[in-house]
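**Student:** Here it is, the structure, as structure tokens.
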Amino acid sequence: MADVAHHSPGINGSKPPVPTPAKPFTPEDEAALIEALKRCSPATVEAAVKFRKTGDPACVPAVVIGVIERFAEPDQRAKLREADDDLRLIEDLGIDSLTMMEIVILVEDTLQMSINNDELRHLRTLGDIKIFIDCKVRGLAPPKPSRFLPIEHIGAVMPIQPPFLFLNEATVGSNGASAKYKITGDELFLKGHFKDNPVMPASIMLEAIGQLAVLFLLEGGHGEEGKQADPQTIYFTGCEGVRAHRVCKPGDTLSISIKPKRLKMPLATFEGQIRVGQEKAAFAEEITLTYGLRDVVVAPQAAAVSAVPAIPAAAAASIPATAARAIVPAPVA
Amino acid sequence: MSKVYITGLGLITSIGNDVAAAGRSLRELRHGFELYPPFNKPDVPVKVVGTIKDFQVDSYDQEDWVFPKKYTIKREILRGLAPNSLFAYCAMLQAVEDARLAPADISNPQTGLYAASGGSPFFTHHYHERMLKVGVMRCSPLGIVASIAGTLNFNLVAHFRILGASCGFSSACASSLHALGFAWEEIKSGRQQRMFVIGAEDCNTDSILPFAGMRALSLQSDPDLASRPFDAARDGFVGTGGGAVVVLESEEEVARRGVRPYAEVAGWGQASDGYNVAISHPEGVGLHLAINLALKNSGCTPEEVDYVNAHATSTPIGDASEVKALKAVFQNPGTRPAISSTKALTGHGLSLAGAMETAFCAIALREGFMPGSAHISKLDPTCEGLNIIRATLPAQPHVVLNNSSGFGGANVCAVFRRVP
């Protein structure tokens, strides 16, 4: 029987895990657990019992999803079954903060852990919850919470602006970012691409992925002490394995997401993809940007909007790294 | 200043779970009492309760509850309810349908909701115990909302998206008649165009049995005998619960919507005994004054009153006080209203009584009858001189009074008038 590491409930679980002998799981405990989970699916109950007996973290996602499902309205449950980690509890599942508390209480009871209020506040998507609980169970510090950025914030920090900004809203976390862009049909280039048949160019979809990567660099808290990524130094340098799977048209909402692969100044490489609903629309195995640092600035740079002529982070043709404008300050050791 | 009308009713009571059923029970003097199984223990001296049929709400887990299928209630709503607010929620759905209200009529700044309930001692007890046993953080986040006295207004104002006036009233057994009076004021003053008036109680051991400690409950074990206001051998009240909703609207709204009201609420009055926390004034001074103020407020004379729905709960002391008050008001030879207490049929609904009995008066005015005062074998001699009707009178009343009295000596009287 594996030991389950219980870490003492410090702030954000910052203390290292202290292995303690597992509390014995008696038949009475099992009966109480089954009673507590009586409105969950049999699979959820099974996973919960297995977790309490073996302490195997692999059981945890099934328990968490099962508990969320139990509290979601019946007509919302289908969404959970086909869910991806971006499914938002509030906006997509209609779960309010009180229901979150009910979910947490049952999860705490089932997995025998303690979750405090501060930790809850940042859990917005299914993915957030799974990662959080998984960290808790393994006795690890949970990742820094992801932040939701509305268009106003994006506009204030990005060096890229309309009419060439393809992000309506975004969520940036420590492990990646996601965003949405709705193709309105008023985009200038659609008039010519194609004649009488507006289709979102694949190159622009790649651009959108790149822009989200830019946003991640600016808002993801990367950089050494006292320094942050400098918006005026971020340029596209290359991409690999780019594929387009779906013709996207006005009315489609692009769900863009990126994951960092290698971040070592001056280069940042990401994997990115775009979906429309559940369908794959575009994929980039790698998209690489160059960037430099500057001292931390407290307020977002509104001035950056007019001062710097926007250079696209990506274009159909790559910009050679040695182009005159692309001189990147030498990295400081 | 606008007249005020009753345009809709909703009822979950021991004598019927809708207006039609309750109306029949009133006419035919059918009571709602049973031997209450949880009281079937040697150490429980009380045996009879006015039970709510077709609702199984004895579990602390709201998702276990069983109630009539016509009410579909989302879990998100159920989780903050106790039995009293469940009854009120169902009654509210009925009232909305009865008054033919559209969502825009319900949710606007000119429509408010006043409510009265004692809260849920059932849930309060459960959550306090749970807090001590497993810790407060494992208690339902909605424990407080489901338990404390404001639970009706918290839940109903939120779930029905009420944007106007909202408040809870706690004057014990006078509560929902207070709610009615103040709701009337809101409309009369023009501050609101429509008010929902709601009373509800749990109807279980925790809400009823404590009154036995005060020796206020009947110890009778015969459901046909136990509740007998004005009878010489009465020995205490029989508890009940449920939910009642009365929809009040302004003249303007009635005209705009083209609905036919049950009755007009002509006015009301209140006065207090200032005598004892639990015992009514022996001469019924507070109630006497309350009735006179109500008559004055509505421009009616004692001669015009056809029927009085008495508060009379079947306690030796309470009924006696009311008899004194009624005799003092209706002294003149030309005054001889029919008087009855419908608590002989329903039991005493505590905070629910005022609203429930207002609904009964409204039904009587619309359908043209006056329910008799049931279960009287031998009328108390002190009632001599009062026309306490033993059988239902199939005659149309025009002016009706409704009395409610509560702990501390609160007394409220409301006057209803037939709509031609």
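FYI, nothing fancy with the structure tokens labels: chains A, B, ... in order, residues from 1 per chain, ligands from 1 as they appear.
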Might you pull out every residue within 9 Å of stretch 273-289 of chain B, with only C-alpha atoms counted and same-chain residues fewer than 4 positions away left off, and present them as a count of residues only?
**Tutor:** 27
**Student:** I need the contact residues of chain B against chain A, so if you could list those with any atom within 12 Å, counting only C-alpha atoms, and return them as a list of chain:residue names, that would help.
**Tutor:**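 The answer, sorted by residue number, is B:Asp61, B:Glu63, B:Asp64, B:Ile73, B:Lys74, B:Arg75, B:Glu76, B:Ile77, B:Arg79, B:Gly80, B:Val134, B:Gly135, B:Val136, B:Met137, B:Arg138, B:Cys139, B:Ser140, B:Pro141, B:Leu142, B:Gly143, B:Val145.
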**Student:** Convert the current residue selection to file output with C-alpha atoms, as a PDB file, in the first residue's frame.
**Tutor:**
ATOM      1  CA  ASP B  61     -29.975  16.293   2.125  1.00  0.00           C
ATOM      2  CA  GLU B  63     -31.530  16.097  -3.060  1.00  0.00           C
ATOM      3  CA  ASP B  64     -33.320  13.291  -1.191  1.00  0.00           C
ATOM      4  CA  ILE B  73     -36.527  22.787  -9.015  1.00  0.00           C
ATOM      5  CA  LYS B  74     -32.846  22.988  -9.967  1.00  0.00           C
ATOM      6  CA  ARG B  75     -30.286  21.691  -7.488  1.00  0.00           C
ATOM      7  CA  GLU B  76     -28.763  25.142  -7.309  1.00  0.00           C
ATOM      8  CA  ILE B  77     -32.020  26.402  -5.856  1.00  0.00           C
ATOM      9  CA  ARG B  79     -29.462  23.515  -1.867  1.00  0.00           C
ATOM     10  CA  GLY B  80     -30.392  26.758  -0.066  1.00  0.00           C
ATOM     11  CA  VAL B 134     -16.495  17.601  11.371  1.00  0.00           C
ATOM     12  CA  GLY B 135     -15.561  21.270  11.503  1.00  0.00           C
ATOM     13  CA  VAL B 136     -17.156  24.346  10.039  1.00  0.00           C
ATOM     14  CA  MET B 137     -15.319  24.161   6.698  1.00  0.00           C
ATOM     15  CA  ARG B 138     -17.095  20.891   5.898  1.00  0.00           C
ATOM     16  CA  CYS B 139     -20.537  22.402   6.326  1.00  0.00           C
ATOM     17  CA  SER B 140     -22.655  23.342   3.365  1.00  0.00           C
ATOM     18  CA  PRO B 141     -21.843  26.881   2.221  1.00  0.00           C
ATOM     19  CA  LEU B 142     -25.576  27.507   2.211  1.00  0.00           C
ATOM     20  CA  GLY B 143     -26.191  26.274   5.749  1.00  0.00           C
ATOM     21  CA  VAL B 145     -29.037  30.779   4.179  1.00  0.00           C
TER      22      VAL B 145
END
**Student:** Pick out the residues sitting within 7 Å of stretch 298-300 of chain B, and hand them over as JSON, numbers by chain; count only C-alpha atoms, and ignore anything fewer than 6 positions along from it in its own chain.
**Tutor:** {"B": [266, 267, 268, 415]}
**Student:** As an MDAnalysis selection string, please: all residues of stretch 5-181 of chain B that backbone DSSP puts in alpha helix (DSSP H).
**Tutor:** chainID B and resid 19:28 75:78 83:98 103:106 121:134 143:147 151:159 175:181
**Student:** Restricting it to C-alpha atoms, dump the selection as a tab-separated table (two decimals), in the first residue's frame.
**Tutor:**
chain	number	residue	atom	x	y	z
B	19	VAL	CA	-56.28	26.86	-3.84
B	20	ALA	CA	-58.98	24.55	-5.17
B	21	ALA	CA	-58.27	21.76	-2.69
B	22	ALA	CA	-57.97	24.14	0.27
B	23	GLY	CA	-61.21	25.85	-0.74
B	24	ARG	CA	-63.05	22.55	-0.77
B	25	SER	CA	-61.66	21.63	2.66
B	26	LEU	CA	-62.78	24.98	4.05
B	27	ARG	CA	-66.30	24.63	2.73
B	28	GLU	CA	-66.67	21.05	3.80
B	75	ARG	CA	-30.29	21.69	-7.49
B	76	GLU	CA	-28.76	25.14	-7.31
B	77	ILE	CA	-32.02	26.40	-5.86
B	78	LEU	CA	-32.78	23.37	-3.68
B	83	PRO	CA	-38.80	22.62	4.17
B	84	ASN	CA	-40.44	26.01	4.81
B	85	SER	CA	-38.81	27.68	1.83
B	86	LEU	CA	-39.54	24.66	-0.37
B	87	PHE	CA	-43.24	24.97	0.47
B	88	ALA	CA	-43.06	28.72	-0.17
B	89	TYR	CA	-41.26	28.22	-3.49
B	90	CYS	CA	-43.97	25.85	-4.72
B	91	ALA	CA	-46.70	28.18	-3.46
B	92	MET	CA	-44.98	31.04	-5.28
B	93	LEU	CA	-45.03	29.12	-8.54
B	94	GLN	CA	-48.76	28.56	-8.05
B	95	ALA	CA	-49.41	32.20	-7.20
B	96	VAL	CA	-47.53	33.46	-10.24
B	97	GLU	CA	-49.62	31.21	-12.44
B	98	ASP	CA	-52.84	32.11	-10.62
B	103	PRO	CA	-41.51	37.30	-15.88
B	104	ALA	CA	-41.39	41.06	-16.55
B	105	ASP	CA	-44.25	41.56	-14.06
B	106	ILE	CA	-42.29	39.72	-11.38
B	121	PRO	CA	-34.64	24.96	13.53
B	122	PHE	CA	-34.30	21.57	11.77
B	123	PHE	CA	-31.41	22.78	9.65
B	124	THR	CA	-29.94	25.07	12.31
B	125	HIS	CA	-29.64	22.10	14.63
B	126	HIS	CA	-28.14	19.92	11.91
B	127	TYR	CA	-25.50	22.42	10.83
B	128	HIS	CA	-24.48	23.30	14.35
B	129	GLU	CA	-24.03	19.64	15.16
B	130	ARG	CA	-22.08	19.08	11.96
B	131	MET	CA	-19.88	22.07	12.70
B	132	LEU	CA	-18.95	20.56	16.04
B	133	LYS	CA	-18.46	17.09	14.60
B	134	VAL	CA	-16.49	17.60	11.37
B	143	GLY	CA	-26.19	26.27	5.75
B	144	ILE	CA	-26.90	29.73	7.12
B	145	VAL	CA	-29.04	30.78	4.18
B	146	ALA	CA	-31.20	27.69	4.63
B	147	SER	CA	-31.52	28.04	8.39
B	151	THR	CA	-34.44	32.32	4.64
B	152	LEU	CA	-37.66	32.97	2.74
B	153	ASN	CA	-36.72	36.39	1.52
B	154	PHE	CA	-33.09	35.40	0.80
B	155	ASN	CA	-34.15	32.56	-1.40
B	156	LEU	CA	-37.27	33.89	-3.06
B	157	VAL	CA	-35.97	37.38	-3.80
B	158	ALA	CA	-32.91	35.83	-5.46
B	159	HIS	CA	-34.60	33.03	-7.36
B	175	SER	CA	-45.50	37.87	11.25
B	176	SER	CA	-47.15	37.28	7.92
B	177	LEU	CA	-50.09	39.54	8.69
B	178	HIS	CA	-47.54	42.24	9.54
B	179	ALA	CA	-45.96	41.45	6.18
B	180	LEU	CA	-49.33	41.92	4.52
B	181	GLY	CA	-49.94	45.24	6.28
**Student:** Between B:Ala364, B:Ile187, B:Leu386, B:Ala116, which is the closest to B:Ala172 once you count only C-alpha atoms?
**Tutor:**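 When distances to B:Ala172 are compared using only C-alpha atoms, the smallest one comes from B:Ala116.
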**Student:** Show which residues sit within 10 Å of A:Gly226, as JSON, numbers by chain. Count only C-alpha atoms, and ignore same-chain residues fewer than 6 positions away.
**Tutor:** {"A": [293, 294, 295, 296, 297]}
**Student:** Next, dump the selected residues to file, keeping only C-alpha atoms, as a compact mmCIF listing (two decimals), in the first residue's frame.
**Tutor:**
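So the final result, stored in out.txt, reads:
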# COMPACT_ATOMS: atom_id res chain seq x y z
CA LEU A 293 14.76 42.16 -21.67
CA ARG A 294 14.28 45.50 -20.01
CA ASP A 295 13.82 46.63 -16.44
CA VAL A 296 10.47 45.86 -14.95
CA VAL A 297 7.90 48.53 -15.76
**Student:** Atom CA of B:Thr51 and atom CA of B:Phe237, how far apart in Å?
**Tutor:**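 Atom-to-atom, atom CA of B:Phe237 to atom CA of B:Thr51, that is 13.9 Å.
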**Student:** One number please: atom CA of A:Asp186 to atom CA of A:Leu165, in Å, one decimal.
**Tutor:**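 Distance reported for this atom pair: 13.2 Å.
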